[in-house]
$ cat data-v7.cif   # mmCIF, C-alpha atoms
data_upload
#
loop_
_atom_site.label_atom_id
_atom_site.label_comp_id
_atom_site.auth_asym_id
_atom_site.auth_seq_id
_atom_site.Cartn_x
_atom_site.Cartn_y
_atom_site.Cartn_z
CA MET A 61 219.57 93.38 -148.46
CA LYS A 62 216.01 94.27 -147.62
CA ARG A 63 215.77 96.60 -144.66
CA ILE A 64 213.54 95.52 -141.77
CA ILE A 65 211.13 98.25 -140.70
CA SER A 66 211.47 98.96 -136.98
CA PRO A 67 208.46 98.39 -134.73
CA ASP A 68 208.47 102.12 -133.86
CA LEU A 69 207.74 102.89 -137.51
CA LYS A 70 205.71 99.79 -138.42
CA GLN A 71 202.96 100.83 -136.04
CA HIS A 72 202.38 103.94 -138.17
CA GLU A 73 201.95 102.04 -141.44
CA GLU A 74 198.15 102.34 -141.64
CA ALA A 75 198.29 106.08 -140.85
CA VAL A 76 200.90 106.63 -143.56
CA ILE A 77 198.83 104.75 -146.15
CA PHE A 78 195.76 106.76 -145.18
CA GLU A 79 197.57 110.11 -145.49
CA LEU A 80 199.04 109.20 -148.87
CA SER A 81 195.71 107.91 -150.18
CA PHE A 82 193.93 111.03 -148.97
CA ALA A 83 196.53 113.14 -150.81
CA GLY A 84 195.78 111.28 -154.04
CA CYS A 85 198.82 109.01 -154.28
CA VAL A 86 197.73 106.17 -156.56
CA TYR A 87 200.26 103.68 -155.19
CA ALA A 88 199.86 104.63 -151.54
CA GLU A 89 200.70 101.20 -150.11
CA GLU A 90 203.89 100.80 -152.17
CA GLU A 91 205.00 104.35 -151.40
CA ALA A 92 204.31 103.84 -147.73
CA GLN A 93 206.73 100.91 -147.64
CA LEU A 94 209.46 103.01 -149.24
CA LEU A 95 208.91 105.85 -146.80
CA LEU A 96 208.90 103.47 -143.83
CA CYS A 97 212.20 101.99 -145.01
CA ALA A 98 213.79 105.40 -145.62
CA ALA A 99 212.84 107.07 -142.32
CA GLN A 100 214.85 106.69 -139.13
CA THR A 101 212.34 108.10 -136.64
CA PRO A 102 208.57 108.73 -136.50
CA ASP A 103 209.16 112.48 -136.77
CA GLU A 104 211.25 111.98 -139.91
CA LEU A 105 208.65 109.61 -141.31
CA PHE A 106 205.78 112.05 -140.97
CA HIS A 107 207.90 114.90 -142.33
CA MET A 108 208.45 112.74 -145.41
CA VAL A 109 204.75 111.94 -145.60
CA ASP A 110 203.92 115.66 -145.45
CA GLN A 111 206.37 116.36 -148.27
CA ARG A 112 204.95 113.61 -150.43
CA ALA A 113 201.37 114.71 -149.72
CA ALA A 114 202.38 118.24 -150.75
CA GLY A 115 203.41 116.92 -154.17
CA PHE A 116 207.16 116.47 -153.89
CA PRO A 117 208.46 113.59 -156.03
CA LEU A 118 208.81 110.42 -153.99
CA GLU A 119 212.42 110.07 -155.14
CA HIS A 120 213.28 113.53 -153.79
CA VAL A 121 211.58 112.73 -150.49
CA ILE A 122 213.43 109.45 -149.86
CA GLY A 123 216.61 110.58 -151.62
CA ARG A 124 216.94 107.73 -154.07
CA ALA A 125 215.44 106.04 -157.12
CA GLU A 126 215.67 102.50 -158.42
CA PHE A 127 216.98 102.43 -161.99
CA CYS A 128 218.12 99.36 -163.90
CA GLY A 129 218.29 97.49 -160.60
CA LEU A 130 220.56 100.11 -159.02
CA GLN A 131 219.85 102.46 -156.14
CA ILE A 132 220.57 105.96 -157.44
CA ALA A 133 220.95 108.96 -155.11
CA VAL A 134 218.52 111.72 -156.13
CA ASP A 135 218.82 115.17 -154.56
CA PRO A 136 216.00 117.74 -154.37
CA GLY A 137 215.59 119.68 -157.60
CA VAL A 138 217.47 117.14 -159.72
CA PHE A 139 215.81 115.37 -162.66
CA VAL A 140 214.51 111.97 -161.58
CA PRO A 141 215.57 109.12 -163.90
CA ARG A 142 212.51 107.73 -165.71
CA MET A 143 211.79 104.05 -166.06
CA ARG A 144 211.40 104.42 -169.85
CA SER A 145 215.04 105.54 -170.02
CA GLU A 146 216.03 101.98 -169.16
CA PHE A 147 215.27 101.28 -172.83
CA LEU A 148 217.91 103.86 -173.80
CA VAL A 149 220.41 102.18 -171.51
CA ARG A 150 219.63 98.78 -173.01
CA GLN A 151 220.31 100.11 -176.50
CA ALA A 152 223.62 101.54 -175.32
CA ILE A 153 224.63 98.31 -173.58
CA ALA A 154 223.92 96.36 -176.78
CA ARG A 155 226.46 98.53 -178.62
CA ALA A 156 229.09 98.83 -175.89
CA PHE A 157 232.04 96.55 -175.21
CA PRO A 158 234.63 96.02 -172.46
CA ARG A 159 236.89 99.04 -171.84
CA ALA A 160 234.70 101.30 -173.98
CA VAL A 161 234.87 105.04 -173.38
CA VAL A 162 231.40 106.21 -172.34
CA LEU A 163 230.15 109.79 -172.13
CA ASP A 164 226.84 110.63 -170.44
CA LEU A 165 225.80 114.17 -171.42
CA CYS A 166 222.94 115.99 -169.67
CA CYS A 167 223.62 113.34 -167.05
CA GLY A 168 221.38 114.51 -164.20
CA THR A 169 221.99 112.00 -161.42
CA GLY A 170 224.38 110.07 -163.65
CA ALA A 171 222.01 107.09 -163.62
CA LEU A 172 222.26 106.19 -167.31
CA GLY A 173 226.03 106.07 -167.51
CA LEU A 174 226.23 104.31 -164.17
CA ALA A 175 223.76 101.63 -165.30
CA LEU A 176 225.77 101.03 -168.46
CA ALA A 177 229.01 100.80 -166.48
CA ALA A 178 227.38 98.26 -164.15
CA SER A 179 226.61 96.00 -167.14
CA VAL A 180 229.74 96.35 -169.29
CA PRO A 181 233.16 95.49 -167.84
CA ASP A 182 235.86 98.10 -167.32
CA VAL A 183 234.26 101.02 -169.15
CA GLU A 184 235.83 104.45 -168.81
CA LEU A 185 232.90 106.60 -167.68
CA HIS A 186 232.61 110.37 -168.07
CA ALA A 187 229.51 112.46 -167.35
CA ALA A 188 228.59 116.14 -167.59
CA ASP A 189 225.71 118.45 -166.75
CA LEU A 190 225.07 122.19 -166.70
CA ASP A 191 223.16 122.20 -163.41
CA PRO A 192 225.42 122.46 -160.31
CA ALA A 193 222.87 120.52 -158.19
CA ALA A 194 222.83 117.70 -160.73
CA VAL A 195 226.62 117.65 -160.87
CA ARG A 196 226.89 117.34 -157.09
CA CYS A 197 224.40 114.48 -157.15
CA ALA A 198 226.07 112.76 -160.10
CA ARG A 199 229.42 112.90 -158.37
CA ARG A 200 227.97 110.99 -155.44
CA ASN A 201 226.77 108.29 -157.80
CA VAL A 202 229.40 108.18 -160.53
CA GLU A 203 232.68 108.86 -158.77
CA GLY A 204 232.06 105.96 -156.42
CA ALA A 205 232.08 103.76 -159.51
CA GLY A 206 235.35 105.22 -160.77
CA GLY A 207 233.85 107.71 -163.24
CA ARG A 208 234.44 111.43 -163.65
CA VAL A 209 231.82 114.19 -163.66
CA TYR A 210 232.21 117.65 -165.20
CA GLU A 211 230.16 120.81 -164.72
CA GLY A 212 229.35 122.89 -167.79
CA ASP A 213 227.36 123.25 -170.99
CA LEU A 214 227.42 120.00 -172.99
CA TYR A 215 230.94 119.41 -174.33
CA LYS A 216 232.54 122.62 -173.01
CA PRO A 217 233.89 121.26 -169.71
CA LEU A 218 235.28 118.04 -171.18
CA PRO A 219 239.03 117.43 -171.46
CA ALA A 220 240.32 117.81 -175.01
CA ALA A 221 241.90 114.35 -174.71
CA LEU A 222 238.41 112.83 -175.07
CA GLN A 223 237.99 114.17 -178.60
CA GLY A 224 237.77 111.36 -181.12
CA SER A 225 237.77 108.65 -178.44
CA VAL A 226 234.17 108.27 -177.20
CA ASP A 227 232.66 104.90 -178.11
CA ILE A 228 229.22 105.41 -176.55
CA LEU A 229 227.72 108.89 -176.16
CA ILE A 230 224.43 108.89 -174.23
CA ALA A 231 222.65 112.23 -174.24
CA ASN A 232 219.29 112.15 -172.51
CA ALA A 233 218.78 115.77 -173.50
CA PRO A 234 215.47 117.52 -172.73
CA TYR A 235 212.97 117.13 -175.57
CA VAL A 236 209.78 118.69 -174.21
CA PRO A 237 208.71 121.73 -176.31
CA THR A 238 208.67 124.91 -174.24
CA ASP A 239 204.92 125.41 -174.71
CA ALA A 240 204.28 121.91 -173.38
CA ILE A 241 206.12 122.37 -170.07
CA ASP A 242 202.90 123.54 -168.38
CA LEU A 243 201.25 120.25 -169.38
CA LEU A 244 203.76 118.13 -167.47
CA PRO A 245 202.82 116.56 -164.13
CA ALA A 246 203.34 118.95 -161.23
CA GLU A 247 206.02 116.68 -159.76
CA ALA A 248 208.25 117.39 -162.74
CA ARG A 249 207.09 120.92 -163.55
CA LEU A 250 207.49 122.29 -160.03
CA HIS A 251 210.29 120.22 -158.55
CA GLU A 252 212.80 119.42 -161.30
CA GLY A 253 215.19 121.87 -162.92
CA HIS A 254 213.63 123.74 -165.86
CA ALA A 255 216.74 123.22 -167.98
CA ALA A 256 216.35 119.45 -167.62
CA LEU A 257 212.87 119.61 -169.17
CA ASP A 258 212.83 122.42 -171.75
CA GLY A 259 213.92 121.40 -175.24
CA GLY A 260 213.10 124.71 -176.92
CA ALA A 261 210.34 125.63 -179.34
CA ASP A 262 210.12 122.22 -181.01
CA GLY A 263 211.79 120.25 -178.22
CA LEU A 264 214.90 119.52 -180.27
CA ASP A 265 217.21 122.48 -179.59
CA VAL A 266 219.56 120.59 -177.25
CA GLN A 267 219.60 117.53 -179.50
CA ARG A 268 220.72 119.76 -182.37
CA ARG A 269 223.60 121.10 -180.29
CA VAL A 270 224.60 117.61 -179.17
CA ALA A 271 224.55 116.24 -182.72
CA ALA A 272 226.44 119.24 -184.15
CA GLU A 273 229.62 118.37 -182.23
CA ALA A 274 229.15 114.64 -181.78
CA SER A 275 231.55 113.64 -184.55
CA ILE A 276 234.32 115.66 -182.91
CA TRP A 277 234.09 113.53 -179.79
CA LEU A 278 233.03 110.14 -181.14
CA ALA A 279 235.61 107.56 -182.11
CA PRO A 280 235.24 106.04 -185.60
CA GLY A 281 232.27 103.69 -185.28
CA GLY A 282 231.21 105.42 -182.06
CA CYS A 283 227.50 105.76 -181.36
CA LEU A 284 225.39 108.68 -180.16
CA LEU A 285 222.09 107.70 -178.52
CA VAL A 286 219.26 110.02 -177.48
CA GLU A 287 215.78 109.51 -176.14
CA THR A 288 212.96 111.30 -177.95
CA SER A 289 209.24 110.96 -178.58
CA GLU A 290 207.85 108.78 -181.33
CA ARG A 291 206.40 111.92 -182.93
CA GLN A 292 209.76 113.70 -182.92
CA ALA A 293 211.87 110.74 -184.05
CA GLY A 294 211.75 111.61 -187.76
CA HIS A 295 213.04 115.10 -187.06
CA THR A 296 215.82 113.74 -184.84
CA LEU A 297 216.82 111.30 -187.58
CA ARG A 298 217.22 114.19 -190.01
CA ILE A 299 219.24 116.16 -187.47
CA PHE A 300 221.63 113.24 -187.08
CA ALA A 301 221.88 112.62 -190.83
CA ASP A 302 222.60 116.30 -191.47
CA GLN A 303 225.63 115.96 -189.18
CA GLY A 304 226.97 112.98 -191.12
CA LEU A 305 225.83 110.29 -188.70
CA ARG A 306 224.33 107.01 -189.89
CA ALA A 307 221.02 107.22 -188.09
CA GLU A 308 218.23 104.84 -187.11
CA ALA A 309 215.31 104.89 -184.70
CA VAL A 310 214.14 102.09 -182.40
CA HIS A 311 210.88 102.02 -180.49
CA SER A 312 209.58 99.91 -177.62
CA GLU A 313 205.88 99.51 -176.99
CA GLU A 314 206.64 97.87 -173.65
CA TRP A 315 208.66 100.82 -172.38
CA GLU A 316 206.72 103.45 -174.37
CA ALA A 317 210.11 104.76 -175.39
CA THR A 318 211.86 105.83 -178.58
CA VAL A 319 215.61 106.05 -179.10
CA VAL A 320 217.48 107.53 -182.05
CA LEU A 321 221.01 106.31 -182.70
CA GLY A 322 223.68 107.87 -184.84
CA VAL A 323 226.97 106.18 -185.76
CA ARG A 324 230.09 108.03 -186.84
CA GLU A 325 231.36 106.37 -190.02
#
$ encode --input "data-v7.cif" --output "structure tokens"
Amino acid sequence: MKRIISPDLKQHEEAVIFELSFAGCVYAEEEAQLLLCAAQTPDELFHMVDQRAAGFPLEHVIGRAEFCGLQIAVDPGVFVPRMRSEFLVRQAIARAFPRAVVLDLCCGTGALGLALAASVPDVELHAADLDPAAVRCARRNVEGAGGRVYEGDLYKPLPAALQGSVDILIANAPYVPTDAIDLLPAEARLHEGHAALDGGADGLDVQRRVAAEASIWLAPGGCLLVETSERQAGHTLRIFADQGLRAEAVHSEEWEATVVLGVRE
């Protein structure tokens, strides 16, 4: 249901748009509406405006992000789910089935696994992340949908009972090369966890670690899916193939997104 903006806040709309425009926000009018809907009082509203004008991600300021039609809680410091990752979710949904076991590694807010679970009936959802802040946020999102969230490095915190039973393994692992971190927008570089961005020297270190153990956790016919760049896709394909996975890459011009899939034979 669309929230009605109270008259006490509506009267500040033009001032909010002006402040956001002055700060360089390209979509000042759209952002103003989100801030007006999120705030409860004028003081809270202008505190949010100050944060946004100072460069904090809008999603951190209002505490949520829209992803695949869902409202996802996003806490300060946690990786904000990107719109292009909806393409990754679509690829996973196309390969999932009712009552599938789904594992969302490097889960951040848990948005990807949650979006899949919202589209496929009765999935068994598990998610994990190394960052304690991300885990706390993911638990708010995922546990309300009946999933479980674990804190630890990739597969380490997972229950052994999951080995050989995962049908869909989504791993939106970081794939930005270390030397390219400084080229990212300030919103990401300064306000999201470094570990959620840094993929190592060539951007593929975490993908290598994910692929190395994937076959231990995947069920026969299970599928590992990762997001990567179009430039890196060939390297990711080789990484998957070297681990015995039947690999393919899919690209979307519309989403400007590339996904590499690997199936356990």
$ residues_near_point --input "data-v7.cif" --point "(194.4, 113.6, -151.4)" --cutoff "12 Å" --atoms "all atoms listed in the file" --output "list in words"
Ile77, Phe78, Glu79, Leu80, Ser81, Phe82, Ala83, Gly84, Cys85, Val86, Ala88, Val109, Asp110, Arg112, Ala113, Ala114 and Gly115 of chain A
$ write_last_selection --input "data-v7.cif" --atoms "C-alpha atoms" --output "PDB file, in the coordinates of the input"
ATOM      1  CA  ILE A  77     198.830 104.750-146.150  1.00  0.00           C
ATOM      2  CA  PHE A  78     195.760 106.760-145.180  1.00  0.00           C
ATOM      3  CA  GLU A  79     197.570 110.110-145.490  1.00  0.00           C
ATOM      4  CA  LEU A  80     199.040 109.200-148.870  1.00  0.00           C
ATOM      5  CA  SER A  81     195.710 107.910-150.180  1.00  0.00           C
ATOM      6  CA  PHE A  82     193.930 111.030-148.970  1.00  0.00           C
ATOM      7  CA  ALA A  83     196.530 113.140-150.810  1.00  0.00           C
ATOM      8  CA  GLY A  84     195.780 111.280-154.040  1.00  0.00           C
ATOM      9  CA  CYS A  85     198.820 109.010-154.280  1.00  0.00           C
ATOM     10  CA  VAL A  86     197.730 106.170-156.560  1.00  0.00           C
ATOM     11  CA  ALA A  88     199.860 104.630-151.540  1.00  0.00           C
ATOM     12  CA  VAL A 109     204.750 111.940-145.600  1.00  0.00           C
ATOM     13  CA  ASP A 110     203.920 115.660-145.450  1.00  0.00           C
ATOM     14  CA  ARG A 112     204.950 113.610-150.430  1.00  0.00           C
ATOM     15  CA  ALA A 113     201.370 114.710-149.720  1.00  0.00           C
ATOM     16  CA  ALA A 114     202.380 118.240-150.750  1.00  0.00           C
ATOM     17  CA  GLY A 115     203.410 116.920-154.170  1.00  0.00           C
TER      18      GLY A 115
END
$ atom_distance --input "data-v7.cif" --atom1 "atom CA of Ala154 of chain A" --atom2 "atom CA of Ile228 of chain A"
10.5 Å
$ resolve_selection --input "data-v7.cif" --expression "the PyMOL selection byres ((chain A and resi 215) around 12)" --output "PyMOL selection string"
chain A and resi 163-167+186-190+209-214+216-220+222-223+226+229+231+266+269-278
$ residues_around --input "data-v7.cif" --residues "segment 235-252 of chain A" --least-positions-apart "3" --cutoff "8 Å" --atoms "only C-alpha atoms" --output "list in words"
Gly115, Phe116, Pro117, Pro136, Gly137, Val138, Phe139, Val140, Ala256, Leu257, Asp258, Gly259, Gly260, Ala261, Asp262, Gly263, Leu264, Asp265, Val266, Gln267, Thr288 and Ser289 of chain A
$ resolve_selection --input "data-v7.cif" --expression "the PyMOL selection byres ((chain A and resi 95) around 9)" --output "list in words"
Val76, Glu90, Glu91, Ala92, Gln93, Leu94, Leu96, Cys97, Ala98, Ala99, Leu105, Met108, Val109, Leu118, Val121 and Ile122 of chain A
$ residues_around --input "data-v7.cif" --residues "Arg324 of chain A" --least-positions-apart "4" --cutoff "7 Å" --atoms "only C-alpha atoms" --output "number ranges by chain"
A: 275, 278, 280-283, 305-306
$ axis_aligned_box --input "data-v7.cif" --around "segment 266-275 of chain A" --padding-each-side "3 Å" --output "AutoDock Vina command-line options"
--center_x 225.6 --center_y 117.4 --center_z -180.9 --size_x 18.0 --size_y 13.5 --size_z 13.3
$ residues_near_point --input "data-v7.cif" --point "(232.6, 98.1, -172.6)" --cutoff "9 Å" --atoms "all atoms listed in the file" --output "ChimeraX atom specification"
/A:153,155-162,176-177,179-184,227-228
$ resolve_selection --input "data-v7.cif" --expression "the PyMOL selection byres ((chain A and resi 131-133) around 8)" --output "ChimeraX atom specification"
/A:123-127,129-130,134-135,169,171,197,200-201
$ atom_distance --input "data-v7.cif" --atom1 "atom CA of Glu146 of chain A" --atom2 "atom CA of Gly304 of chain A"
26.9 Å
$ atom_distance --input "data-v7.cif" --atom1 "atom CA of Leu185 of chain A" --atom2 "atom CA of Asp302 of chain A"
27.7 Å
$ closest_residue --input "data-v7.cif" --among "A:Pro141, A:Arg208, A:Phe147, A:Gly168" --to "Thr318 of chain A" --atoms "only C-alpha atoms"
A:Phe147
$ closest_residue --input "data-v7.cif" --among "A:Gly173, A:Leu284, A:Glu89, A:Leu148" --to "Glu73 of chain A" --atoms "all atoms listed in the file"
A:Glu89
$ closest_residue --input "data-v7.cif" --among "A:Ala205, A:Ser145, A:Val195, A:Ala178" --to "Ala233 of chain A" --atoms "only C-alpha atoms"
A:Ser145
$ closest_residue --input "data-v7.cif" --among "A:Gly170, A:Gly322, A:Gly253, A:Gly224" --to "Val202 of chain A" --atoms "all atoms listed in the file"
A:Gly170
$ closest_residue --input "data-v7.cif" --among "A:Val319, A:Ala301, A:Leu69, A:Leu285" --to "Gln100 of chain A" --atoms "all atoms listed in the file"
A:Leu69
$ closest_residue --input "data-v7.cif" --among "A:Glu287, A:Glu74, A:Glu313, A:Glu325" --to "Ala152 of chain A" --atoms "only C-alpha atoms"
A:Glu287
